[in-house]
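*Asks:* The following file, data-v9.txt, comprises compact mmCIF, C-alpha atoms and all ligand atoms:
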```
# COMPACT_ATOMS: atom_id res chain seq x y z
CA MET A 971 10.63 12.22 -18.09
CA THR A 972 11.07 8.70 -16.71
CA LYS A 973 7.83 6.73 -16.65
CA ILE A 974 6.84 5.09 -13.35
CA ARG A 975 6.89 1.41 -14.35
CA LYS A 976 7.78 -0.43 -11.17
CA ALA A 977 5.91 -0.84 -7.90
CA VAL A 978 7.10 -2.17 -4.56
CA ILE A 979 4.59 -3.52 -2.02
CA PRO A 980 6.01 -4.27 1.44
CA ALA A 981 3.98 -7.02 3.09
CA ALA A 982 6.43 -8.52 5.56
CA GLY A 983 5.21 -6.91 8.80
CA TYR A 984 3.98 -8.90 11.80
CA GLY A 985 0.48 -7.41 11.80
CA THR A 986 0.42 -7.31 15.59
CA ARG A 987 -2.67 -5.07 15.62
CA PHE A 988 -4.59 -7.95 14.06
CA LEU A 989 -3.50 -10.86 16.26
CA PRO A 990 -4.37 -13.68 16.77
CA VAL A 991 -5.29 -14.36 13.12
CA THR A 992 -2.00 -12.87 11.82
CA LYS A 993 -0.09 -15.54 13.73
CA ALA A 994 -0.79 -17.81 10.74
CA VAL A 995 -2.55 -15.68 8.08
CA ALA A 996 -0.89 -12.77 6.29
CA LYS A 997 -2.74 -9.56 7.10
CA GLU A 998 -2.54 -8.63 3.41
CA MET A 999 -4.49 -11.82 2.56
CA LEU A 1000 -7.43 -10.95 4.81
CA PRO A 1001 -10.32 -10.64 2.37
CA ILE A 1002 -12.48 -7.59 1.89
CA ILE A 1003 -15.54 -9.74 1.16
CA ASP A 1004 -14.04 -12.28 -1.30
CA THR A 1005 -10.84 -10.65 -2.49
CA PRO A 1006 -7.57 -10.34 -0.53
CA THR A 1007 -6.63 -6.80 0.38
CA ILE A 1008 -3.40 -7.04 -1.57
CA GLU A 1009 -5.28 -7.71 -4.81
CA TYR A 1010 -7.08 -4.36 -4.53
CA ILE A 1011 -3.67 -2.73 -4.14
CA VAL A 1012 -2.14 -4.56 -7.10
CA ARG A 1013 -5.14 -3.61 -9.27
CA GLU A 1014 -4.87 0.06 -8.24
CA ALA A 1015 -1.22 0.00 -9.33
CA MET A 1016 -2.06 -1.70 -12.65
CA GLU A 1017 -4.72 0.95 -13.33
CA SER A 1018 -2.04 3.57 -12.59
CA GLY A 1019 0.27 2.25 -15.33
CA ILE A 1020 2.53 -0.07 -13.31
CA GLU A 1021 4.06 -2.89 -15.36
CA GLU A 1022 6.30 -4.73 -12.90
CA PHE A 1023 5.77 -5.61 -9.25
CA LEU A 1024 7.91 -6.60 -6.29
CA ILE A 1025 6.21 -7.83 -3.13
CA ILE A 1026 8.33 -7.94 0.03
CA VAL A 1027 7.33 -10.94 2.12
CA SER A 1028 8.51 -12.76 5.24
CA SER A 1029 8.84 -16.47 5.89
CA ASN A 1030 5.22 -17.07 6.96
CA LYS A 1031 3.64 -15.19 4.04
CA ASN A 1032 3.85 -17.86 1.35
CA SER A 1033 0.10 -17.61 0.81
CA ILE A 1034 0.76 -14.25 -0.93
CA ILE A 1035 3.19 -15.92 -3.35
CA ASP A 1036 0.72 -18.77 -3.99
CA TYR A 1037 -2.13 -16.34 -4.55
CA PHE A 1038 -0.39 -14.60 -7.44
CA ASP A 1039 0.60 -17.90 -9.05
CA ASN A 1040 -1.56 -20.19 -11.15
CA ASN A 1041 -3.29 -23.09 -9.40
CA PHE A 1042 -3.40 -25.55 -12.31
CA GLU A 1043 -5.22 -28.30 -10.41
CA LEU A 1044 -8.08 -26.00 -9.43
CA GLU A 1045 -8.16 -24.46 -12.92
CA TYR A 1046 -8.44 -27.97 -14.41
CA GLN A 1047 -11.23 -28.97 -12.02
CA LEU A 1048 -13.24 -25.80 -12.71
CA ALA A 1049 -12.76 -26.21 -16.47
CA GLN A 1050 -13.95 -29.84 -16.26
CA LYS A 1051 -17.10 -28.71 -14.46
CA GLY A 1052 -17.73 -25.87 -16.92
CA LYS A 1053 -17.40 -23.23 -14.17
CA ILE A 1054 -16.15 -20.56 -16.56
CA LYS A 1055 -16.88 -17.55 -14.34
CA GLU A 1056 -15.06 -19.06 -11.36
CA LEU A 1057 -12.19 -20.07 -13.64
CA SER A 1058 -11.67 -16.52 -14.84
CA LEU A 1059 -11.75 -15.28 -11.21
CA ILE A 1060 -8.67 -17.34 -10.34
CA LYS A 1061 -6.83 -17.40 -13.66
CA ASP A 1062 -6.96 -13.93 -15.20
CA LEU A 1063 -4.86 -11.92 -12.74
CA PRO A 1064 -1.80 -14.25 -12.45
CA SER A 1065 -1.54 -14.52 -16.23
CA LYS A 1066 -1.48 -10.71 -16.60
CA LEU A 1067 1.11 -9.95 -13.91
CA ASN A 1068 4.86 -9.52 -14.07
CA ILE A 1069 5.49 -10.08 -10.38
CA HIS A 1070 8.53 -10.87 -8.23
CA PHE A 1071 9.01 -11.61 -4.54
CA VAL A 1072 11.84 -11.00 -2.11
CA ARG A 1073 12.12 -12.01 1.54
CA GLN A 1074 12.82 -9.54 4.31
CA HIS A 1075 14.57 -11.88 6.73
CA GLU A 1076 14.19 -9.73 9.83
CA GLN A 1077 11.29 -7.35 10.42
CA LEU A 1078 13.39 -4.28 11.19
CA GLY A 1079 10.84 -1.75 9.94
CA LEU A 1080 9.37 -0.26 6.77
CA GLY A 1081 12.62 1.50 5.80
CA HIS A 1082 14.46 -1.81 5.96
CA ALA A 1083 11.71 -3.53 3.93
CA VAL A 1084 12.01 -0.91 1.17
CA LEU A 1085 15.80 -1.36 1.11
CA CYS A 1086 15.16 -5.02 0.14
CA ALA A 1087 13.81 -3.63 -3.19
CA LYS A 1088 17.08 -1.93 -4.20
CA GLU A 1089 18.14 -4.51 -6.82
CA PHE A 1090 14.66 -4.70 -8.33
CA VAL A 1091 14.27 -0.94 -8.62
CA GLY A 1092 17.68 -0.17 -10.11
CA ASN A 1093 18.13 3.42 -11.15
CA GLU A 1094 14.60 4.61 -11.86
CA PRO A 1095 11.83 6.28 -9.82
CA PHE A 1096 9.30 3.78 -8.45
CA ALA A 1097 5.96 3.54 -6.72
CA LEU A 1098 5.62 2.26 -3.16
CA LEU A 1099 2.24 1.02 -1.94
CA LEU A 1100 1.83 -0.25 1.62
CA GLY A 1101 0.20 -3.64 1.84
CA ASP A 1102 -2.47 -2.65 4.33
CA ASP A 1103 -3.77 0.65 2.93
CA VAL A 1104 -6.65 0.38 0.48
CA TYR A 1105 -7.92 3.41 -1.43
CA VAL A 1106 -11.04 4.09 -3.39
CA GLY A 1107 -10.04 7.09 -5.50
CA ASN A 1108 -12.55 9.74 -6.60
CA GLY A 1109 -12.43 9.03 -10.32
CA ASN A 1110 -8.67 8.53 -10.53
CA PRO A 1111 -6.86 5.72 -8.58
CA ALA A 1112 -4.81 7.03 -5.64
CA LEU A 1113 -1.48 6.02 -7.16
CA ALA A 1114 -2.39 7.54 -10.55
CA GLN A 1115 -2.86 10.88 -8.76
CA LEU A 1116 0.73 10.62 -7.50
CA VAL A 1117 2.03 9.59 -10.92
CA ASP A 1118 0.37 12.72 -12.40
CA ALA A 1119 2.06 14.83 -9.70
CA TYR A 1120 5.42 13.21 -10.48
CA GLU A 1121 5.01 14.22 -14.12
CA LYS A 1122 4.84 17.86 -12.93
CA THR A 1123 7.71 17.79 -10.43
CA SER A 1124 10.10 14.92 -11.39
CA SER A 1125 10.60 14.61 -7.60
CA SER A 1126 9.61 12.18 -4.88
CA ILE A 1127 5.94 12.52 -3.89
CA LEU A 1128 4.35 11.41 -0.61
CA GLY A 1129 0.62 10.69 -0.83
CA THR A 1130 -1.14 12.34 2.14
CA LEU A 1131 -4.46 12.57 3.89
CA LYS A 1132 -5.63 15.05 6.53
CA VAL A 1133 -6.05 13.36 9.93
CA ALA A 1134 -7.65 14.41 13.22
CA ASP A 1135 -5.40 15.79 16.00
CA GLU A 1136 -5.74 12.60 18.06
CA ASP A 1137 -4.37 10.55 15.14
CA VAL A 1138 -1.17 12.47 14.22
CA SER A 1139 0.96 10.31 16.52
CA LYS A 1140 0.10 7.21 14.41
CA TYR A 1141 1.59 8.55 11.14
CA GLY A 1142 4.52 10.17 9.41
CA ILE A 1143 3.57 13.87 9.33
CA CYS A 1144 4.62 16.44 6.70
CA LYS A 1145 5.77 20.02 7.20
CA PRO A 1146 4.99 22.08 4.07
CA ALA A 1147 7.71 24.50 2.94
CA GLU A 1148 5.11 27.28 2.59
CA GLU A 1149 1.40 27.84 3.18
CA SER A 1150 -0.59 26.76 0.17
CA GLU A 1151 -4.12 25.76 -0.80
CA SER A 1152 -2.78 23.40 -3.47
CA ARG A 1153 -3.02 19.62 -3.00
CA LEU A 1154 0.57 19.37 -4.32
CA ILE A 1155 3.00 21.05 -1.89
CA LYS A 1156 6.77 21.21 -1.59
CA LEU A 1157 7.89 19.93 1.81
CA GLU A 1158 10.35 21.32 4.31
CA SER A 1159 10.51 18.22 6.52
CA VAL A 1160 8.75 15.04 7.69
CA VAL A 1161 8.57 13.48 11.13
CA GLU A 1162 7.52 9.92 12.08
CA LYS A 1163 4.79 9.50 14.72
CA PRO A 1164 5.18 12.89 16.47
CA ALA A 1165 3.39 13.80 19.70
CA LEU A 1166 0.53 16.21 18.91
CA LYS A 1167 2.46 19.17 20.37
CA ASP A 1168 5.38 18.49 17.99
CA ALA A 1169 3.31 17.75 14.87
CA PRO A 1170 4.00 20.36 12.16
CA SER A 1171 0.61 19.81 10.44
CA ASN A 1172 -2.25 17.34 10.07
CA LEU A 1173 -0.96 16.05 6.72
CA ALA A 1174 -0.28 12.37 7.30
CA ILE A 1175 1.62 10.09 4.90
CA GLY A 1176 -0.97 7.54 3.81
CA GLY A 1177 0.73 4.49 2.34
CA ARG A 1178 1.37 5.70 -1.23
CA TYR A 1179 4.66 7.12 -2.48
CA ILE A 1180 6.64 7.85 -5.61
CA LEU A 1181 10.34 7.74 -4.69
CA THR A 1182 13.49 8.44 -6.64
CA PRO A 1183 16.24 5.78 -6.33
CA THR A 1184 18.26 8.29 -4.24
CA ILE A 1185 16.28 6.95 -1.27
CA PHE A 1186 18.40 3.76 -1.19
CA LYS A 1187 21.58 5.69 -0.41
CA TYR A 1188 19.88 7.05 2.72
CA LEU A 1189 18.19 3.77 3.69
CA GLU A 1190 21.55 2.00 3.63
CA THR A 1191 22.83 4.19 6.45
CA GLN A 1192 19.55 4.75 8.29
CA THR A 1193 19.64 4.06 12.03
CA ARG A 1194 16.62 2.97 14.07
CA GLY A 1195 14.03 5.60 14.97
CA ALA A 1196 10.47 5.61 16.39
CA GLY A 1197 9.46 2.20 17.78
CA ASN A 1198 13.12 1.10 17.46
CA GLU A 1199 12.45 0.46 13.74
CA ILE A 1200 14.34 1.58 10.63
CA GLN A 1201 11.88 4.23 9.48
CA LEU A 1202 11.36 5.20 5.85
CA THR A 1203 10.25 8.68 6.98
CA ASP A 1204 13.65 9.30 8.62
CA ALA A 1205 15.47 8.39 5.39
CA ILE A 1206 13.12 10.64 3.37
CA LEU A 1207 13.93 13.52 5.76
CA ARG A 1208 17.66 13.04 5.18
CA MET A 1209 17.12 12.76 1.41
CA MET A 1210 15.50 16.23 1.48
CA SER A 1211 18.95 17.78 1.99
CA GLU A 1212 19.79 16.57 -1.52
CA GLU A 1213 16.49 16.58 -3.45
CA ALA A 1214 13.09 18.28 -3.31
CA VAL A 1215 10.25 16.14 -1.93
CA TYR A 1216 6.56 17.00 -2.38
CA SER A 1217 3.32 15.84 -0.82
CA MET A 1218 0.12 15.28 -2.76
CA GLU A 1219 -3.19 15.10 -0.89
CA ILE A 1220 -5.03 12.06 -2.25
CA ASP A 1221 -8.61 12.59 -3.41
CA GLY A 1222 -10.50 9.50 -2.24
CA SER A 1223 -11.31 7.26 0.74
CA ARG A 1224 -8.62 5.36 2.56
CA TYR A 1225 -9.07 2.18 4.63
CA ASP A 1226 -6.38 1.01 7.05
CA ILE A 1227 -7.11 -2.69 7.03
CA GLY A 1228 -4.28 -3.26 9.52
CA SER A 1229 -6.63 -1.89 12.19
CA LYS A 1230 -9.79 -3.75 13.19
CA ILE A 1231 -12.16 -0.84 12.73
CA GLY A 1232 -10.59 0.06 9.36
CA PHE A 1233 -11.12 -3.50 8.21
CA ILE A 1234 -14.78 -3.58 9.32
CA LYS A 1235 -15.41 -0.21 7.62
CA ALA A 1236 -13.83 -1.42 4.36
CA THR A 1237 -15.91 -4.61 4.38
CA LEU A 1238 -19.19 -2.73 4.92
CA GLU A 1239 -18.53 0.08 2.46
CA PHE A 1240 -17.29 -2.27 -0.28
CA ALA A 1241 -20.35 -4.49 0.24
CA LEU A 1242 -22.65 -1.44 -0.01
CA ASN A 1243 -21.02 -0.65 -3.37
CA ARG A 1244 -21.57 -4.12 -4.82
CA ASP A 1245 -24.72 -4.78 -6.82
CA ASP A 1246 -24.80 -8.44 -5.73
CA LEU A 1247 -24.70 -7.56 -2.01
CA LYS A 1248 -25.89 -4.03 -1.32
CA ASP A 1249 -29.61 -4.68 -0.81
CA GLU A 1250 -29.11 -7.54 1.62
CA VAL A 1251 -26.38 -5.69 3.51
CA LYS A 1252 -28.56 -2.56 3.82
CA GLU A 1253 -31.40 -4.72 5.15
CA LEU A 1254 -29.02 -6.39 7.60
CA LEU A 1255 -27.69 -3.05 8.87
CA ASN A 1256 -31.20 -1.66 9.31
CA SER A 1257 -32.25 -4.75 11.27
CA LEU A 1258 -29.32 -4.25 13.66
CA LYS A 1259 -30.26 -0.67 14.62
P1 LIG B 1301 2.73 -1.51 9.63
O1 LIG B 1301 3.39 -1.02 10.84
O2 LIG B 1301 1.37 -0.99 9.30
O3 LIG B 1301 2.60 -3.09 9.61
O4 LIG B 1301 3.71 -1.34 8.40
P2 LIG B 1301 2.87 -4.18 10.67
O5 LIG B 1301 4.18 -3.95 11.35
O6 LIG B 1301 2.67 -5.48 9.96
O7 LIG B 1301 1.60 -3.98 11.60
P3 LIG B 1301 1.44 -3.83 13.16
O8 LIG B 1301 1.73 -2.38 13.43
O9 LIG B 1301 2.40 -4.81 13.79
O10 LIG B 1301 0.00 -4.19 13.39
C1 LIG B 1301 3.32 -0.82 7.13
C2 LIG B 1301 3.63 -1.79 6.01
O11 LIG B 1301 5.01 -2.11 6.02
C3 LIG B 1301 5.19 -3.51 6.04
C4 LIG B 1301 3.90 -4.10 6.60
O12 LIG B 1301 3.69 -5.40 6.10
C5 LIG B 1301 2.86 -3.10 6.13
O13 LIG B 1301 2.37 -3.42 4.84
N1 LIG B 1301 6.39 -3.81 6.87
C6 LIG B 1301 6.53 -3.28 8.10
C7 LIG B 1301 7.35 -4.66 6.34
O14 LIG B 1301 7.22 -5.15 5.20
N2 LIG B 1301 8.44 -4.95 7.10
C8 LIG B 1301 8.63 -4.42 8.34
O15 LIG B 1301 9.67 -4.73 8.98
C9 LIG B 1301 7.64 -3.58 8.86
```
Represent the structure of the file as structure tokens.

*Replies:*
Amino acid sequence: MTKIRKAVIPAAGYGTRFLPVTKAVAKEMLPIIDTPTIEYIVREAMESGIEEFLIIVSSNKNSIIDYFDNNFELEYQLAQKGKIKELSLIKDLPSKLNIHFVRQHEQLGLGHAVLCAKEFVGNEPFALLLGDDVYVGNGNPALAQLVDAYEKTSSSILGTLKVADEDVSKYGICKPAEESESRLIKLESVVEKPALKDAPSNLAIGGRYILTPTIFKYLETQTRGAGNEIQLTDAILRMMSEEAVYSMEIDGSRYDIGSKIGFIKATLEFALNRDDLKDEVKELLNSLK
């Protein structure tokens, strides 16, 4: 059994749902309270056993590269002032990470972004975590749940969540191969952003994947699909003719920080879970009612 060691995080999208700020600030750097979204994602992957990272960026996302690097000047200043707690906040993560970056020169879609990871991935299965989906797993991190499922199937696994009828057209939607109560299901097909009448289920792909390297063969020849973008879902569908693909319903809460309401929800719920903030935030919310 090959261990899942590598993770790919695409973060090169335009973030048009979050304009105007995303004109100059990477959506993945928007903080949930005091920590950029992408750090929560990197930490989830580390807790799931990932050892090596590739972040896919575009030309105006250098702040992501800077964030995962050391800032020696600031470290020196904090050390001089004896601000040990602040120092560890900025220093610890970069020194622990084995992280690489690659540029996606044209934003042709998620499938195209993943193809930029081909050299990094090589010939082993890998994890894919979308840069704007944050999970709080119930006990086990979201990605770790997929890694466990991979250990049972040795096949690609799509992390899913059940969505309301009015939301199916926003996601890639899975068609299970058979009816089953299990969270881990073999799939017959997947379809990107279907109209409700064409949606085969309410099982939406939610930003976490384990993929075998076979996917690159299909991404290389993938034509544009929904939204005129090169869609990962379309390449996964074609890969199913060669290999089994499963879905695994993730146990936990998911926040789509690429949408405004998802971002507000994440900020409030994370604040209500923090000992240093929860009392004041509760008071604030009560005073607003
Ligand atoms: P999204 O569609 O959620 O991101 O893509 P977006 O395109 O940035 O956002 P909107 O829809 O315009 O508001 C899912 C993930 O894939 C990445 C995004 O950065 C995001 O993390 N992505 C998307 C790329 O890296 N490259 C692309 O060409 C498209």

*Asks:* Would you mind telling me which residue in A:Met1209, A:Leu1166, A:Ile1060, A:Ile1227 lies nearest to ligand LIG 1301 (chain B) when using all atoms listed in the file?

*Replies:* A:Ile1227

*Asks:* Show me which residues are within 8 Å of ligand LIG 1301 (chain B) counting all atoms listed in the file, and format the list as a VMD selection string.

*Replies:* chain A and resid 979 to 988 997 to 998 1026 to 1028 1074 1076 to 1084 1100 to 1103 1177 1199 1228 to 1229

*Asks:* Between CA of Arg1244 in chain A and CA of Ile1002 in chain A, what is the distance, to one decimal in Å?

*Replies:*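 Interatomic distance here is 11.8 Å.
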
*Asks:* Counting all atoms listed in the file, what is within 12 Å of Glu1089 in chain A, bar same-chain residues fewer than 6 positions away, as a list in words?

*Replies:*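 Neighbouring residues, sequence-local ones excluded: Lys976, Val978, Leu1024, His1070, Phe1071, Val1072, Pro1183 and Phe1186 of chain A.
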
*Asks:* Separation of CA of Arg1153 in chain A and CA of Asp1221 in chain A, in Å?

*Replies:*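 Between these atoms lies a distance of 9.0 Å.
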
*Asks:* Quick one: distance from CA of Thr992 in chain A to CA of Asn1030 in chain A in Å, one decimal?

*Replies:*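 Between CA of Thr992 in chain A and CA of Asn1030 in chain A the gap works out to 9.7 Å.
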
*Asks:* How would range 1038-1049 of chain A look with all heavy atoms restored, written as a JSON list (two decimals), in the frame of the given file?

*Replies:*
```json
[["chain", "number", "residue", "atom", "x", "y", "z"],
["A", 1038, "PHE", "N", -0.67, -15.23, -6.16],
["A", 1038, "PHE", "CA", -0.39, -14.60, -7.44],
["A", 1038, "PHE", "C", 0.18, -15.58, -8.47],
["A", 1038, "PHE", "O", 0.62, -15.19, -9.54],
["A", 1038, "PHE", "CB", 0.54, -13.38, -7.25],
["A", 1038, "PHE", "CG", -0.18, -12.23, -6.59],
["A", 1038, "PHE", "CD1", 0.08, -11.88, -5.28],
["A", 1038, "PHE", "CD2", -1.15, -11.52, -7.29],
["A", 1038, "PHE", "CE1", -0.61, -10.83, -4.67],
["A", 1038, "PHE", "CE2", -1.85, -10.47, -6.68],
["A", 1038, "PHE", "CZ", -1.57, -10.13, -5.37],
["A", 1039, "ASP", "N", 0.15, -16.86, -8.11],
["A", 1039, "ASP", "CA", 0.60, -17.90, -9.05],
["A", 1039, "ASP", "C", -0.64, -18.61, -9.60],
["A", 1039, "ASP", "O", -1.74, -18.48, -9.05],
["A", 1039, "ASP", "CB", 1.48, -18.90, -8.27],
["A", 1039, "ASP", "CG", 2.33, -19.75, -9.20],
["A", 1039, "ASP", "OD1", 2.16, -19.64, -10.43],
["A", 1039, "ASP", "OD2", 3.12, -20.54, -8.67],
["A", 1040, "ASN", "N", -0.46, -19.37, -10.66],
["A", 1040, "ASN", "CA", -1.56, -20.19, -11.15],
["A", 1040, "ASN", "C", -1.74, -21.41, -10.27],
["A", 1040, "ASN", "O", -0.77, -21.94, -9.73],
["A", 1040, "ASN", "CB", -1.29, -20.65, -12.58],
["A", 1040, "ASN", "CG", -1.51, -19.53, -13.57],
["A", 1040, "ASN", "OD1", -0.57, -18.89, -14.01],
["A", 1040, "ASN", "ND2", -2.75, -19.26, -13.90],
["A", 1041, "ASN", "N", -2.99, -21.85, -10.11],
["A", 1041, "ASN", "CA", -3.29, -23.09, -9.40],
["A", 1041, "ASN", "C", -3.88, -24.04, -10.46],
["A", 1041, "ASN", "O", -5.09, -24.06, -10.70],
["A", 1041, "ASN", "CB", -4.30, -22.81, -8.27],
["A", 1041, "ASN", "CG", -4.64, -24.05, -7.49],
["A", 1041, "ASN", "OD1", -4.55, -25.17, -8.00],
["A", 1041, "ASN", "ND2", -5.06, -23.87, -6.25],
["A", 1042, "PHE", "N", -2.98, -24.78, -11.13],
["A", 1042, "PHE", "CA", -3.40, -25.55, -12.31],
["A", 1042, "PHE", "C", -4.43, -26.62, -11.97],
["A", 1042, "PHE", "O", -5.35, -26.88, -12.73],
["A", 1042, "PHE", "CB", -2.18, -26.16, -13.01],
["A", 1042, "PHE", "CG", -1.31, -25.11, -13.65],
["A", 1042, "PHE", "CD1", -0.04, -24.84, -13.18],
["A", 1042, "PHE", "CD2", -1.80, -24.36, -14.73],
["A", 1042, "PHE", "CE1", 0.74, -23.86, -13.77],
["A", 1042, "PHE", "CE2", -1.03, -23.36, -15.32],
["A", 1042, "PHE", "CZ", 0.24, -23.12, -14.83],
["A", 1043, "GLU", "N", -4.29, -27.24, -10.79],
["A", 1043, "GLU", "CA", -5.22, -28.30, -10.41],
["A", 1043, "GLU", "C", -6.65, -27.74, -10.30],
["A", 1043, "GLU", "O", -7.60, -28.29, -10.86],
["A", 1043, "GLU", "CB", -4.78, -28.91, -9.08],
["A", 1043, "GLU", "CG", -5.48, -30.21, -8.80],
["A", 1043, "GLU", "CD", -5.09, -30.76, -7.44],
["A", 1043, "GLU", "OE1", -3.91, -30.62, -7.07],
["A", 1043, "GLU", "OE2", -5.98, -31.30, -6.77],
["A", 1044, "LEU", "N", -6.76, -26.62, -9.59],
["A", 1044, "LEU", "CA", -8.08, -26.00, -9.43],
["A", 1044, "LEU", "C", -8.61, -25.51, -10.78],
["A", 1044, "LEU", "O", -9.80, -25.69, -11.09],
["A", 1044, "LEU", "CB", -7.98, -24.84, -8.42],
["A", 1044, "LEU", "CG", -9.27, -24.12, -8.05],
["A", 1044, "LEU", "CD1", -10.33, -25.07, -7.51],
["A", 1044, "LEU", "CD2", -8.99, -23.02, -7.02],
["A", 1045, "GLU", "N", -7.73, -24.93, -11.59],
["A", 1045, "GLU", "CA", -8.16, -24.46, -12.92],
["A", 1045, "GLU", "C", -8.71, -25.64, -13.74],
["A", 1045, "GLU", "O", -9.74, -25.53, -14.39],
["A", 1045, "GLU", "CB", -6.98, -23.82, -13.67],
["A", 1045, "GLU", "CG", -6.62, -22.44, -13.15],
["A", 1045, "GLU", "CD", -5.35, -21.88, -13.77],
["A", 1045, "GLU", "OE1", -4.96, -22.32, -14.86],
["A", 1045, "GLU", "OE2", -4.74, -20.99, -13.14],
["A", 1046, "TYR", "N", -8.03, -26.79, -13.66],
["A", 1046, "TYR", "CA", -8.44, -27.97, -14.41],
["A", 1046, "TYR", "C", -9.82, -28.45, -13.92],
["A", 1046, "TYR", "O", -10.72, -28.72, -14.72],
["A", 1046, "TYR", "CB", -7.39, -29.08, -14.24],
["A", 1046, "TYR", "CG", -7.77, -30.39, -14.86],
["A", 1046, "TYR", "CD1", -7.65, -30.58, -16.23],
["A", 1046, "TYR", "CD2", -8.24, -31.44, -14.07],
["A", 1046, "TYR", "CE1", -8.02, -31.79, -16.80],
["A", 1046, "TYR", "CE2", -8.61, -32.64, -14.63],
["A", 1046, "TYR", "CZ", -8.50, -32.81, -16.01],
["A", 1046, "TYR", "OH", -8.87, -34.01, -16.56],
["A", 1047, "GLN", "N", -9.96, -28.51, -12.59],
["A", 1047, "GLN", "CA", -11.23, -28.97, -12.02],
["A", 1047, "GLN", "C", -12.39, -28.06, -12.43],
["A", 1047, "GLN", "O", -13.47, -28.53, -12.79],
["A", 1047, "GLN", "CB", -11.15, -29.02, -10.48],
["A", 1047, "GLN", "CG", -10.19, -30.04, -9.92],
["A", 1047, "GLN", "CD", -10.58, -31.48, -10.28],
["A", 1047, "GLN", "OE1", -11.74, -31.76, -10.60],
["A", 1047, "GLN", "NE2", -9.62, -32.38, -10.24],
["A", 1048, "LEU", "N", -12.17, -26.75, -12.36],
["A", 1048, "LEU", "CA", -13.24, -25.80, -12.71],
["A", 1048, "LEU", "C", -13.57, -25.92, -14.20],
["A", 1048, "LEU", "O", -14.75, -25.89, -14.58],
["A", 1048, "LEU", "CB", -12.82, -24.36, -12.36],
["A", 1048, "LEU", "CG", -12.69, -24.05, -10.85],
["A", 1048, "LEU", "CD1", -12.08, -22.66, -10.63],
["A", 1048, "LEU", "CD2", -14.05, -24.14, -10.15],
["A", 1049, "ALA", "N", -12.53, -26.08, -15.03],
["A", 1049, "ALA", "CA", -12.76, -26.21, -16.47],
["A", 1049, "ALA", "C", -13.57, -27.47, -16.77],
["A", 1049, "ALA", "O", -14.53, -27.45, -17.55],
["A", 1049, "ALA", "CB", -11.43, -26.25, -17.22]]
```
